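Asker: Got a structure for you, query_5.txt, holding compact mmCIF, C-alpha atoms.
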```txt
# COMPACT_ATOMS: atom_id res chain seq x y z
CA GLN D 1 -5.04 6.17 18.74
CA LYS D 2 -4.39 5.43 15.09
CA GLU D 3 -0.91 4.19 14.31
CA VAL D 4 -0.44 6.50 11.33
CA GLU D 5 -2.42 9.70 11.09
CA GLN D 6 -2.91 12.09 8.22
CA ASN D 7 -5.19 15.01 7.68
CA SER D 8 -7.74 13.63 5.24
CA GLY D 9 -8.20 17.01 3.61
CA PRO D 10 -9.16 17.80 1.01
CA LEU D 11 -6.20 20.08 0.55
CA SER D 12 -6.65 22.52 -2.28
CA VAL D 13 -3.76 24.56 -3.69
CA PRO D 14 -3.40 26.70 -6.82
CA GLU D 15 -1.21 25.57 -9.66
CA GLY D 16 2.41 26.50 -9.06
CA ALA D 17 2.07 26.63 -5.27
CA ILE D 18 3.71 24.39 -2.68
CA ALA D 19 1.53 21.60 -1.30
CA SER D 20 2.43 20.44 2.20
CA LEU D 21 1.24 17.04 3.41
CA ASN D 22 1.76 15.88 6.98
CA CYS D 23 1.82 12.57 8.78
CA THR D 24 2.42 11.45 12.35
CA TYR D 25 3.06 7.95 13.59
CA SER D 26 2.94 6.21 16.95
CA ASP D 27 5.67 3.55 16.84
CA ARG D 28 8.98 5.10 17.91
CA GLY D 29 10.83 2.07 16.62
CA SER D 30 9.79 2.63 13.00
CA GLN D 31 12.72 3.04 10.65
CA SER D 32 11.28 3.35 7.15
CA PHE D 33 8.77 5.83 5.85
CA PHE D 34 7.11 6.14 2.48
CA TRP D 35 4.83 8.39 0.53
CA TYR D 36 2.56 6.85 -2.08
CA ARG D 37 0.35 8.61 -4.58
CA GLN D 38 -2.95 7.02 -5.55
CA TYR D 39 -5.11 8.21 -8.38
CA SER D 40 -8.79 7.35 -8.26
CA GLY D 41 -9.37 3.73 -9.23
CA LYS D 42 -5.66 2.98 -9.40
CA SER D 43 -3.21 1.28 -7.06
CA PRO D 44 -0.67 3.25 -5.01
CA GLU D 45 2.53 4.42 -6.65
CA LEU D 46 5.68 4.95 -4.59
CA ILE D 47 6.97 8.50 -4.90
CA MET D 48 9.33 8.92 -1.95
CA SER D 49 11.04 6.86 0.70
CA ILE D 50 12.98 8.25 3.66
CA TYR D 51 14.91 6.46 6.35
CA SER D 52 16.91 9.06 8.28
CA ASN D 53 16.16 12.40 9.90
CA GLY D 54 16.24 15.44 7.69
CA ASP D 55 15.18 16.23 4.17
CA LYS D 56 15.29 14.13 1.04
CA GLU D 57 14.66 15.76 -2.30
CA ASP D 58 13.65 14.15 -5.58
CA GLY D 59 12.64 16.55 -8.32
CA ARG D 60 9.64 18.58 -7.14
CA PHE D 61 9.16 16.36 -4.11
CA THR D 62 10.83 16.76 -0.72
CA ALA D 63 10.24 14.37 2.16
CA GLN D 64 11.06 15.49 5.68
CA LEU D 65 11.49 13.17 8.64
CA ASN D 66 11.72 14.02 12.32
CA LYS D 67 11.90 10.84 14.38
CA ALA D 68 11.98 12.70 17.70
CA SER D 69 8.63 14.27 16.89
CA GLN D 70 7.41 11.15 15.05
CA TYR D 71 6.56 13.27 12.10
CA VAL D 72 7.04 12.88 8.37
CA SER D 73 5.96 15.30 5.69
CA LEU D 74 5.89 15.66 1.93
CA LEU D 75 6.31 18.94 0.08
CA ILE D 76 5.35 19.24 -3.56
CA ARG D 77 6.81 22.31 -5.23
CA ASP D 78 5.34 23.91 -8.34
CA SER D 79 2.17 21.86 -7.94
CA GLN D 80 0.48 20.78 -11.15
CA PRO D 81 -3.12 19.69 -11.77
CA SER D 82 -1.71 16.22 -12.53
CA ASP D 83 -0.57 16.05 -8.89
CA SER D 84 -4.22 15.92 -7.84
CA ALA D 85 -4.57 12.56 -6.11
CA THR D 86 -4.72 10.92 -2.71
CA TYR D 87 -1.37 10.82 -0.93
CA LEU D 88 -0.79 7.96 1.44
CA CYS D 89 1.77 8.05 4.21
CA ALA D 90 3.09 4.59 5.10
CA VAL D 91 5.29 3.50 7.96
CA ASN D 92 7.18 0.23 7.98
CA MET D 93 6.98 -1.79 11.16
CA ASP D 94 8.86 -5.02 11.75
CA PHE D 95 6.99 -8.18 12.67
CA SER D 96 7.75 -11.84 13.12
CA ASN D 97 5.30 -14.57 12.19
CA ALA D 98 4.65 -17.78 14.10
CA GLY D 99 7.41 -19.46 12.14
CA GLY D 100 9.96 -16.92 13.26
CA THR D 101 10.25 -15.17 9.91
CA SER D 102 10.85 -11.44 10.27
CA TYR D 103 9.43 -9.03 7.76
CA GLY D 104 8.36 -5.45 7.46
CA LYS D 105 4.72 -4.53 7.27
CA LEU D 106 3.38 -1.20 6.08
CA THR D 107 0.79 0.66 8.05
CA PHE D 108 -0.99 3.30 6.03
CA GLY D 109 -2.57 6.55 7.04
CA GLN D 110 -6.03 7.29 5.78
CA GLY D 111 -4.65 9.44 2.98
CA THR D 112 -4.85 13.14 2.14
CA ILE D 113 -6.81 14.20 -0.90
CA LEU D 114 -4.90 16.89 -2.81
CA THR D 115 -6.54 19.04 -5.44
CA VAL D 116 -4.41 21.39 -7.53
CA HIS D 117 -6.58 23.88 -9.37
CA PRO D 118 -5.47 25.80 -12.46
CA GLY P 1 12.33 -0.13 -11.41
CA ALA P 2 10.60 -3.00 -9.66
CA VAL P 3 7.50 -4.24 -11.43
CA VAL P 4 4.61 -6.16 -9.94
CA SER P 5 2.01 -7.62 -12.27
CA GLN P 6 -1.47 -8.41 -11.00
CA HIS P 7 -4.07 -10.32 -12.95
CA PRO P 8 -6.94 -10.04 -13.69
CA SER P 9 -7.53 -6.32 -13.51
CA TRP P 10 -11.25 -6.76 -13.02
CA VAL P 11 -13.69 -9.57 -12.41
CA ILE P 12 -17.47 -9.66 -12.42
CA CYS P 13 -19.04 -12.91 -11.30
CA LYS P 14 -22.04 -14.44 -9.63
CA SER P 15 -22.39 -14.94 -5.92
CA GLY P 16 -20.93 -18.25 -4.78
CA THR P 17 -18.13 -18.26 -7.33
CA SER P 18 -14.51 -18.62 -6.28
CA VAL P 19 -12.11 -16.11 -7.79
CA LYS P 20 -8.33 -16.40 -8.05
CA ILE P 21 -6.08 -13.35 -8.32
CA GLU P 22 -2.43 -13.66 -9.28
CA CYS P 23 0.43 -11.41 -8.26
CA ARG P 24 3.82 -11.70 -9.91
CA SER P 25 7.09 -9.90 -9.36
CA LEU P 26 8.65 -9.50 -12.79
CA ASP P 27 12.20 -8.34 -12.13
CA PHE P 28 13.00 -9.17 -8.52
CA GLN P 29 12.55 -11.97 -6.03
CA ALA P 30 9.57 -11.26 -3.80
CA THR P 31 10.34 -12.97 -0.52
CA THR P 32 7.31 -11.28 0.99
CA MET P 33 4.02 -10.45 -0.63
CA PHE P 34 1.11 -8.56 0.84
CA TRP P 35 -2.57 -8.57 0.00
CA TYR P 36 -4.68 -5.50 0.65
CA ARG P 37 -8.32 -4.63 0.23
CA GLN P 38 -9.61 -1.15 -0.35
CA PHE P 39 -13.24 -0.08 -0.16
CA PRO P 40 -14.37 3.17 -1.83
CA LYS P 41 -13.01 6.32 -0.20
CA GLN P 42 -11.07 4.31 2.36
CA SER P 43 -7.41 3.57 2.80
CA LEU P 44 -5.72 0.27 2.14
CA MET P 45 -6.37 -2.43 4.70
CA LEU P 46 -3.84 -5.22 4.96
CA MET P 47 -5.47 -8.63 4.74
CA ALA P 48 -2.49 -10.95 4.98
CA THR P 49 1.23 -11.28 4.56
CA SER P 50 2.82 -14.23 2.85
CA ASN P 51 6.44 -15.28 2.93
CA GLU P 52 7.66 -17.65 0.24
CA GLY P 53 7.35 -21.24 1.29
CA SER P 54 5.44 -20.64 4.51
CA LYS P 55 1.84 -20.13 5.54
CA ALA P 56 0.33 -16.69 5.25
CA THR P 57 -0.15 -14.53 8.30
CA TYR P 58 -3.65 -13.08 8.36
CA GLU P 59 -4.69 -9.83 9.98
CA GLN P 60 -7.26 -9.86 12.70
CA GLY P 61 -10.78 -10.27 11.35
CA VAL P 62 -9.74 -11.76 7.99
CA GLU P 63 -11.08 -15.27 7.44
CA LYS P 64 -8.22 -17.48 6.30
CA ASP P 65 -10.60 -20.14 4.99
CA LYS P 66 -12.35 -17.61 2.81
CA PHE P 67 -9.25 -15.83 1.50
CA LEU P 68 -6.78 -18.53 0.53
CA ILE P 69 -3.24 -17.35 -0.10
CA ASN P 70 -0.50 -19.33 -1.75
CA HIS P 71 3.08 -18.10 -2.17
CA ALA P 72 4.71 -21.10 -3.78
CA SER P 73 7.59 -19.34 -5.51
CA LEU P 74 9.67 -16.19 -5.20
CA THR P 75 7.78 -14.56 -8.04
CA LEU P 76 4.17 -15.63 -7.60
CA SER P 77 1.48 -15.32 -4.97
CA THR P 78 -2.21 -16.04 -5.43
CA LEU P 79 -5.29 -14.95 -3.51
CA THR P 80 -8.43 -17.03 -3.91
CA VAL P 81 -11.69 -15.57 -2.69
CA THR P 82 -13.79 -18.63 -2.04
CA SER P 83 -17.56 -18.61 -2.42
CA ALA P 84 -17.58 -14.87 -2.98
CA HIS P 85 -20.58 -12.79 -1.96
CA PRO P 86 -21.56 -9.20 -2.78
CA GLU P 87 -19.94 -7.93 0.42
CA ASP P 88 -16.60 -9.22 -0.90
CA SER P 89 -16.80 -6.74 -3.77
CA SER P 90 -13.80 -4.49 -3.41
CA PHE P 91 -10.48 -3.40 -4.89
CA TYR P 92 -7.85 -6.02 -4.09
CA ILE P 93 -4.21 -4.97 -4.38
CA CYS P 94 -1.07 -7.01 -3.95
CA SER P 95 2.37 -5.74 -3.21
CA ALA P 96 5.75 -7.36 -3.09
CA ARG P 97 9.19 -6.70 -1.73
CA ASP P 98 12.51 -8.39 -1.41
CA SER P 99 12.82 -8.64 2.36
CA ARG P 100 16.55 -9.32 2.06
CA SER P 101 17.13 -5.74 0.99
CA ASN P 102 15.84 -2.48 2.38
CA GLN P 103 13.58 -1.97 -0.62
CA PRO P 104 10.05 -0.64 -0.29
CA GLN P 105 6.94 -2.46 -1.32
CA HIS P 106 5.86 -2.17 -4.93
CA PHE P 107 2.21 -2.52 -5.78
CA GLY P 108 0.40 -4.34 -8.52
CA ASP P 109 -2.28 -2.52 -10.50
CA GLY P 110 -5.07 -4.01 -8.43
CA THR P 111 -8.09 -6.18 -9.18
CA ARG P 112 -11.56 -4.77 -9.04
CA LEU P 113 -13.88 -7.55 -7.93
CA SER P 114 -17.63 -7.21 -8.35
CA ILE P 115 -19.89 -9.96 -7.08
CA LEU P 116 -23.45 -9.88 -8.37
```
Please, can you express the file's structure as structure tokens?

Answerer:
Amino acid sequence: QKEVEQNSGPLSVPEGAIASLNCTYSDRGSQSFFWYRQYSGKSPELIMSIYSNGDKEDGRFTAQLNKASQYVSLLIRDSQPSDSATYLCAVNMDFSNAGGTSYGKLTFGQGTILTVHP
Amino acid sequence: GAVVSQHPSWVICKSGTSVKIECRSLDFQATTMFWYRQFPKQSLMLMATSNEGSKATYEQGVEKDKFLINHASLTLSTLTVTSAHPEDSSFYICSARDSRSNQPQHFGDGTRLSIL
């Protein structure tokens, strides 16, 4: 079972519609969750972070977290063609190296390709 | 916001060449830096994690003698691909975070490596 799962899509929505992206994760102890947007040939760009259950809104983006269901989602309202990209769900998991240093490590889903058509 | 600078943005070189990629945090102290590799149409795969002043922790299947990582300061980490071969051609991306705060990782712009 993959640690972080996303529907790879592609997800196609018309301009102005709401795009809904979903992600599930396996580690119940995870505390930090992120959505990154990646345009083709570019590196990921952080668009949302969420740490507690419920909704978090930032402009046209809303992240939703349900730790009991191990589920995190991203809603994009009033979708624009410029939103067309791959959206990566990432879950932070804590690790310790051999030297005893603790750090968080992101595990990414495979990404959902979103296409917003005019 | 946090800025991570990665250099060079692209490299084309002959097989057998060693290539060094730099990753710098410009406005924060990066106690932890991460190196990822991404093949076309695939997600990011973590190669290794480096904490300032200590040896890097490599993911399973990543050869530490081939991918040398140095994190000598709180603002700079380097990845050296030694004796690169065509199968090492990929998009290499670094990220950095200040582990002392609950801040997310911020990514560099990536380095596209092509080995002929």

Asker: Find the residues near region 100-111 of chain P: any atom within 8 Å, counting all atoms listed in the file, skip ones fewer than 4 places away on the same chain, and give them as a PyMOL selection string.

Answerer: (chain D and resi 34+42-46+49) or (chain P and resi 2-11+21+23+31+91-96)

Asker: Extract, using all atoms listed in the file, all DNA, RNA and protein residues at most 9 Å from Asn53 (chain D), discarding same-chain residues fewer than 2 positions from it, and format them as a ChimeraX atom specification.

Answerer: /D:50-51,55,64-68

Asker: Using CA of Tyr39 (chain D) and CA of Ser84 (chain D) as the two end points, give the distance in Å to one decimal.

Answerer: 7.8 Å

Asker: Of the candidates P:Leu76, P:Leu26, P:Cys13, P:Ala48, which shows the shortest atom-to-atom distance to chain D, using only C-alpha atoms?

Answerer: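 The shortest atom-to-atom distance to chain D comes from P:Ala48.
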
Asker: List as a tab-separated table every residue of chain D that is in contact with chain P, defined as an atom at most 12 Å from one of its atoms (using all atoms listed in the file), together with the nearest atom pair and the distance in Å rounded to one decimal, sorted by chain and then rising number.

Answerer:
```
residue	atom	partner	partner_atom	distance
D:Val4	CA	P:Ser43	CA	11.4
D:Glu5	CA	P:Ser43	CA	11.5
D:Gln6	CA	P:Ser43	CA	11.1
D:Ser8	CA	P:Gln42	CA	10.3
D:Gln31	CA	P:Asn102	CA	10.4
D:Ser32	CA	P:Pro104	CA	8.5
D:Phe33	CA	P:Pro104	CA	9.0
D:Phe34	CA	P:Pro104	CA	7.9
D:Trp35	CA	P:Pro104	CA	10.5
D:Tyr36	CA	P:His106	CA	10.0
D:Arg37	CA	P:Phe107	CA	11.3
D:Gln38	CA	P:Ser43	CA	10.1
D:Tyr39	CA	P:Asp109	CA	11.3
D:Ser40	CA	P:Lys41	CA	9.2
D:Gly41	CA	P:Phe91	CA	8.4
D:Lys42	CA	P:Asp109	CA	6.5
D:Ser43	CA	P:Asp109	CA	5.2
D:Pro44	CA	P:Phe107	CA	6.5
D:Glu45	CA	P:Phe107	CA	7.0
D:Leu46	CA	P:His106	CA	7.1
D:Ile47	CA	P:Pro104	CA	10.7
D:Met48	CA	P:Pro104	CA	9.7
D:Ser49	CA	P:Pro104	CA	7.6
D:Ile50	CA	P:Pro104	CA	10.2
D:Tyr51	CA	P:Asn102	CA	9.8
D:Thr86	CA	P:Ser43	CA	9.6
D:Tyr87	CA	P:Ser43	CA	10.1
D:Leu88	CA	P:Ser43	CA	8.1
D:Cys89	CA	P:Ser43	CA	10.3
D:Ala90	CA	P:Pro104	CA	10.2
D:Val91	CA	P:Pro104	CA	10.4
D:Asn92	CA	P:Pro104	CA	8.8
D:Met93	CA	P:Pro104	CA	11.9
D:Asp94	CA	P:Ser99	CA	10.8
D:Phe95	CA	P:Thr49	CA	10.4
D:Ser96	CA	P:Thr57	CA	9.6
D:Asn97	CA	P:Thr57	CA	6.7
D:Ala98	CA	P:Thr57	CA	8.2
D:Gly99	CA	P:Ser54	CA	8.0
D:Gly100	CA	P:Ser54	CA	10.5
D:Thr101	CA	P:Asn51	CA	8.0
D:Ser102	CA	P:Ser99	CA	8.6
D:Tyr103	CA	P:Ser99	CA	6.4
D:Gly104	CA	P:Ser99	CA	7.5
D:Lys105	CA	P:Thr49	CA	8.1
D:Leu106	CA	P:Gln105	CA	8.3
D:Thr107	CA	P:Leu46	CA	8.1
D:Phe108	CA	P:Leu44	CA	6.8
D:Gly109	CA	P:Ser43	CA	7.1
D:Gln110	CA	P:Ser43	CA	5.0
D:Gly111	CA	P:Ser43	CA	6.5
D:Thr112	CA	P:Ser43	CA	9.9
D:Ile113	CA	P:Lys41	CA	10.1
```

Asker: Would you mind exporting C-alpha atoms of the selected residues as a PDB file, in the frame of the given file?

Answerer:
```pdb
ATOM      1  CA  VAL D   4      -0.440   6.500  11.330  1.00  0.00           C
ATOM      2  CA  GLU D   5      -2.420   9.700  11.090  1.00  0.00           C
ATOM      3  CA  GLN D   6      -2.910  12.090   8.220  1.00  0.00           C
ATOM      4  CA  SER D   8      -7.740  13.630   5.240  1.00  0.00           C
ATOM      5  CA  GLN D  31      12.720   3.040  10.650  1.00  0.00           C
ATOM      6  CA  SER D  32      11.280   3.350   7.150  1.00  0.00           C
ATOM      7  CA  PHE D  33       8.770   5.830   5.850  1.00  0.00           C
ATOM      8  CA  PHE D  34       7.110   6.140   2.480  1.00  0.00           C
ATOM      9  CA  TRP D  35       4.830   8.390   0.530  1.00  0.00           C
ATOM     10  CA  TYR D  36       2.560   6.850  -2.080  1.00  0.00           C
ATOM     11  CA  ARG D  37       0.350   8.610  -4.580  1.00  0.00           C
ATOM     12  CA  GLN D  38      -2.950   7.020  -5.550  1.00  0.00           C
ATOM     13  CA  TYR D  39      -5.110   8.210  -8.380  1.00  0.00           C
ATOM     14  CA  SER D  40      -8.790   7.350  -8.260  1.00  0.00           C
ATOM     15  CA  GLY D  41      -9.370   3.730  -9.230  1.00  0.00           C
ATOM     16  CA  LYS D  42      -5.660   2.980  -9.400  1.00  0.00           C
ATOM     17  CA  SER D  43      -3.210   1.280  -7.060  1.00  0.00           C
ATOM     18  CA  PRO D  44      -0.670   3.250  -5.010  1.00  0.00           C
ATOM     19  CA  GLU D  45       2.530   4.420  -6.650  1.00  0.00           C
ATOM     20  CA  LEU D  46       5.680   4.950  -4.590  1.00  0.00           C
ATOM     21  CA  ILE D  47       6.970   8.500  -4.900  1.00  0.00           C
ATOM     22  CA  MET D  48       9.330   8.920  -1.950  1.00  0.00           C
ATOM     23  CA  SER D  49      11.040   6.860   0.700  1.00  0.00           C
ATOM     24  CA  ILE D  50      12.980   8.250   3.660  1.00  0.00           C
ATOM     25  CA  TYR D  51      14.910   6.460   6.350  1.00  0.00           C
ATOM     26  CA  THR D  86      -4.720  10.920  -2.710  1.00  0.00           C
ATOM     27  CA  TYR D  87      -1.370  10.820  -0.930  1.00  0.00           C
ATOM     28  CA  LEU D  88      -0.790   7.960   1.440  1.00  0.00           C
ATOM     29  CA  CYS D  89       1.770   8.050   4.210  1.00  0.00           C
ATOM     30  CA  ALA D  90       3.090   4.590   5.100  1.00  0.00           C
ATOM     31  CA  VAL D  91       5.290   3.500   7.960  1.00  0.00           C
ATOM     32  CA  ASN D  92       7.180   0.230   7.980  1.00  0.00           C
ATOM     33  CA  MET D  93       6.980  -1.790  11.160  1.00  0.00           C
ATOM     34  CA  ASP D  94       8.860  -5.020  11.750  1.00  0.00           C
ATOM     35  CA  PHE D  95       6.990  -8.180  12.670  1.00  0.00           C
ATOM     36  CA  SER D  96       7.750 -11.840  13.120  1.00  0.00           C
ATOM     37  CA  ASN D  97       5.300 -14.570  12.190  1.00  0.00           C
ATOM     38  CA  ALA D  98       4.650 -17.780  14.100  1.00  0.00           C
ATOM     39  CA  GLY D  99       7.410 -19.460  12.140  1.00  0.00           C
ATOM     40  CA  GLY D 100       9.960 -16.920  13.260  1.00  0.00           C
ATOM     41  CA  THR D 101      10.250 -15.170   9.910  1.00  0.00           C
ATOM     42  CA  SER D 102      10.850 -11.440  10.270  1.00  0.00           C
ATOM     43  CA  TYR D 103       9.430  -9.030   7.760  1.00  0.00           C
ATOM     44  CA  GLY D 104       8.360  -5.450   7.460  1.00  0.00           C
ATOM     45  CA  LYS D 105       4.720  -4.530   7.270  1.00  0.00           C
ATOM     46  CA  LEU D 106       3.380  -1.200   6.080  1.00  0.00           C
ATOM     47  CA  THR D 107       0.790   0.660   8.050  1.00  0.00           C
ATOM     48  CA  PHE D 108      -0.990   3.300   6.030  1.00  0.00           C
ATOM     49  CA  GLY D 109      -2.570   6.550   7.040  1.00  0.00           C
ATOM     50  CA  GLN D 110      -6.030   7.290   5.780  1.00  0.00           C
ATOM     51  CA  GLY D 111      -4.650   9.440   2.980  1.00  0.00           C
ATOM     52  CA  THR D 112      -4.850  13.140   2.140  1.00  0.00           C
ATOM     53  CA  ILE D 113      -6.810  14.200  -0.900  1.00  0.00           C
TER      54      ILE D 113
END
```

Asker: So what do you get for CA of Pro86 (chain P) versus CA of Gly16 (chain P), distance-wise?

Answerer: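 Taking CA of Pro86 (chain P) as the start and CA of Gly16 (chain P) as the end point, the length is 9.3 Å.
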
Asker: Near Thr17 (chain P), within 6 Å and counting all atoms listed in the file, which residues show up once chain neighbours fewer than 3 positions away are dropped, as a list of chain:residue names?

Answerer: P:Lys14, P:Ser83, P:Ala84

Asker: Output the selection as a compact mmCIF listing (two decimals), in the frame of the given file - C-alpha atoms for each residue.

Answerer:
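Output (part01.txt):
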```txt
# COMPACT_ATOMS: atom_id res chain seq x y z
CA LYS P 14 -22.04 -14.44 -9.63
CA SER P 83 -17.56 -18.61 -2.42
CA ALA P 84 -17.58 -14.87 -2.98
```

Asker: Distance CA of Glu3 (chain D)-CA of Gln70 (chain D), one decimal place?

Answerer: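 Result for CA of Glu3 (chain D) versus CA of Gln70 (chain D): 10.9 Å, one decimal.
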
Asker: Compare P:Phe28, P:Lys66, P:Phe39, P:Ser77 by their minimum atom-to-atom distance to Leu113 (chain P), counting all atoms listed in the file, and give me the closest one.

Answerer: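 The closest residue to Leu113 (chain P) is P:Phe39.
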
Asker: With only C-alpha atoms as the atoms that count, which of D:Thr115, D:Gly29, D:Ser69, D:Ser12 lies nearest to Asp83 (chain D)?

Answerer: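 Once distances to Asp83 (chain D) are computed over only C-alpha atoms, the minimum belongs to D:Thr115.
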
Asker: As a short mmCIF file (atom, residue, chain, number, x, y, z; two decimals), in the coordinates of the input, could you write out region 55-73 of chain D once it has been completed with N, CA and C atoms?

Answerer:
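The resulting file, out35.cif, is reproduced below:
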```cif
data_model
loop_
_atom_site.label_atom_id
_atom_site.label_comp_id
_atom_site.auth_asym_id
_atom_site.auth_seq_id
_atom_site.Cartn_x
_atom_site.Cartn_y
_atom_site.Cartn_z
N ASP D 55 15.91 16.07 5.42
CA ASP D 55 15.18 16.23 4.17
C ASP D 55 15.75 15.33 3.10
N LYS D 56 14.86 14.88 2.22
CA LYS D 56 15.29 14.13 1.04
C LYS D 56 14.53 14.69 -0.15
N GLU D 57 15.28 15.11 -1.16
CA GLU D 57 14.66 15.76 -2.30
C GLU D 57 14.75 14.87 -3.53
N ASP D 58 13.66 14.88 -4.31
CA ASP D 58 13.65 14.15 -5.58
C ASP D 58 12.75 14.95 -6.53
N GLY D 59 13.40 15.71 -7.39
CA GLY D 59 12.64 16.55 -8.32
C GLY D 59 11.81 17.58 -7.56
N ARG D 60 10.51 17.61 -7.83
CA ARG D 60 9.64 18.58 -7.14
C ARG D 60 9.21 18.12 -5.76
N PHE D 61 9.60 16.92 -5.38
CA PHE D 61 9.16 16.36 -4.11
C PHE D 61 10.28 16.43 -3.06
N THR D 62 9.91 16.80 -1.85
CA THR D 62 10.83 16.76 -0.72
C THR D 62 10.13 16.07 0.45
N ALA D 63 10.75 15.03 0.96
CA ALA D 63 10.24 14.37 2.16
C ALA D 63 11.06 14.86 3.35
N GLN D 64 10.40 15.05 4.46
CA GLN D 64 11.06 15.49 5.68
C GLN D 64 10.70 14.53 6.79
N LEU D 65 11.72 14.11 7.55
CA LEU D 65 11.49 13.17 8.64
C LEU D 65 12.06 13.72 9.94
N ASN D 66 11.29 13.64 10.99
CA ASN D 66 11.72 14.02 12.32
C ASN D 66 11.31 12.91 13.26
N LYS D 67 12.23 12.01 13.55
CA LYS D 67 11.90 10.84 14.38
C LYS D 67 11.60 11.23 15.81
N ALA D 68 12.24 12.28 16.31
CA ALA D 68 11.98 12.70 17.70
C ALA D 68 10.53 13.14 17.86
N SER D 69 10.02 13.81 16.85
CA SER D 69 8.63 14.27 16.89
C SER D 69 7.68 13.27 16.25
N GLN D 70 8.22 12.18 15.70
CA GLN D 70 7.41 11.15 15.05
C GLN D 70 6.55 11.76 13.97
N TYR D 71 7.23 12.45 13.09
CA TYR D 71 6.56 13.27 12.10
C TYR D 71 7.27 13.11 10.76
N VAL D 72 6.48 12.93 9.71
CA VAL D 72 7.04 12.88 8.37
C VAL D 72 6.14 13.70 7.45
N SER D 73 6.75 14.45 6.56
CA SER D 73 5.96 15.30 5.69
C SER D 73 6.42 15.17 4.24
#
```
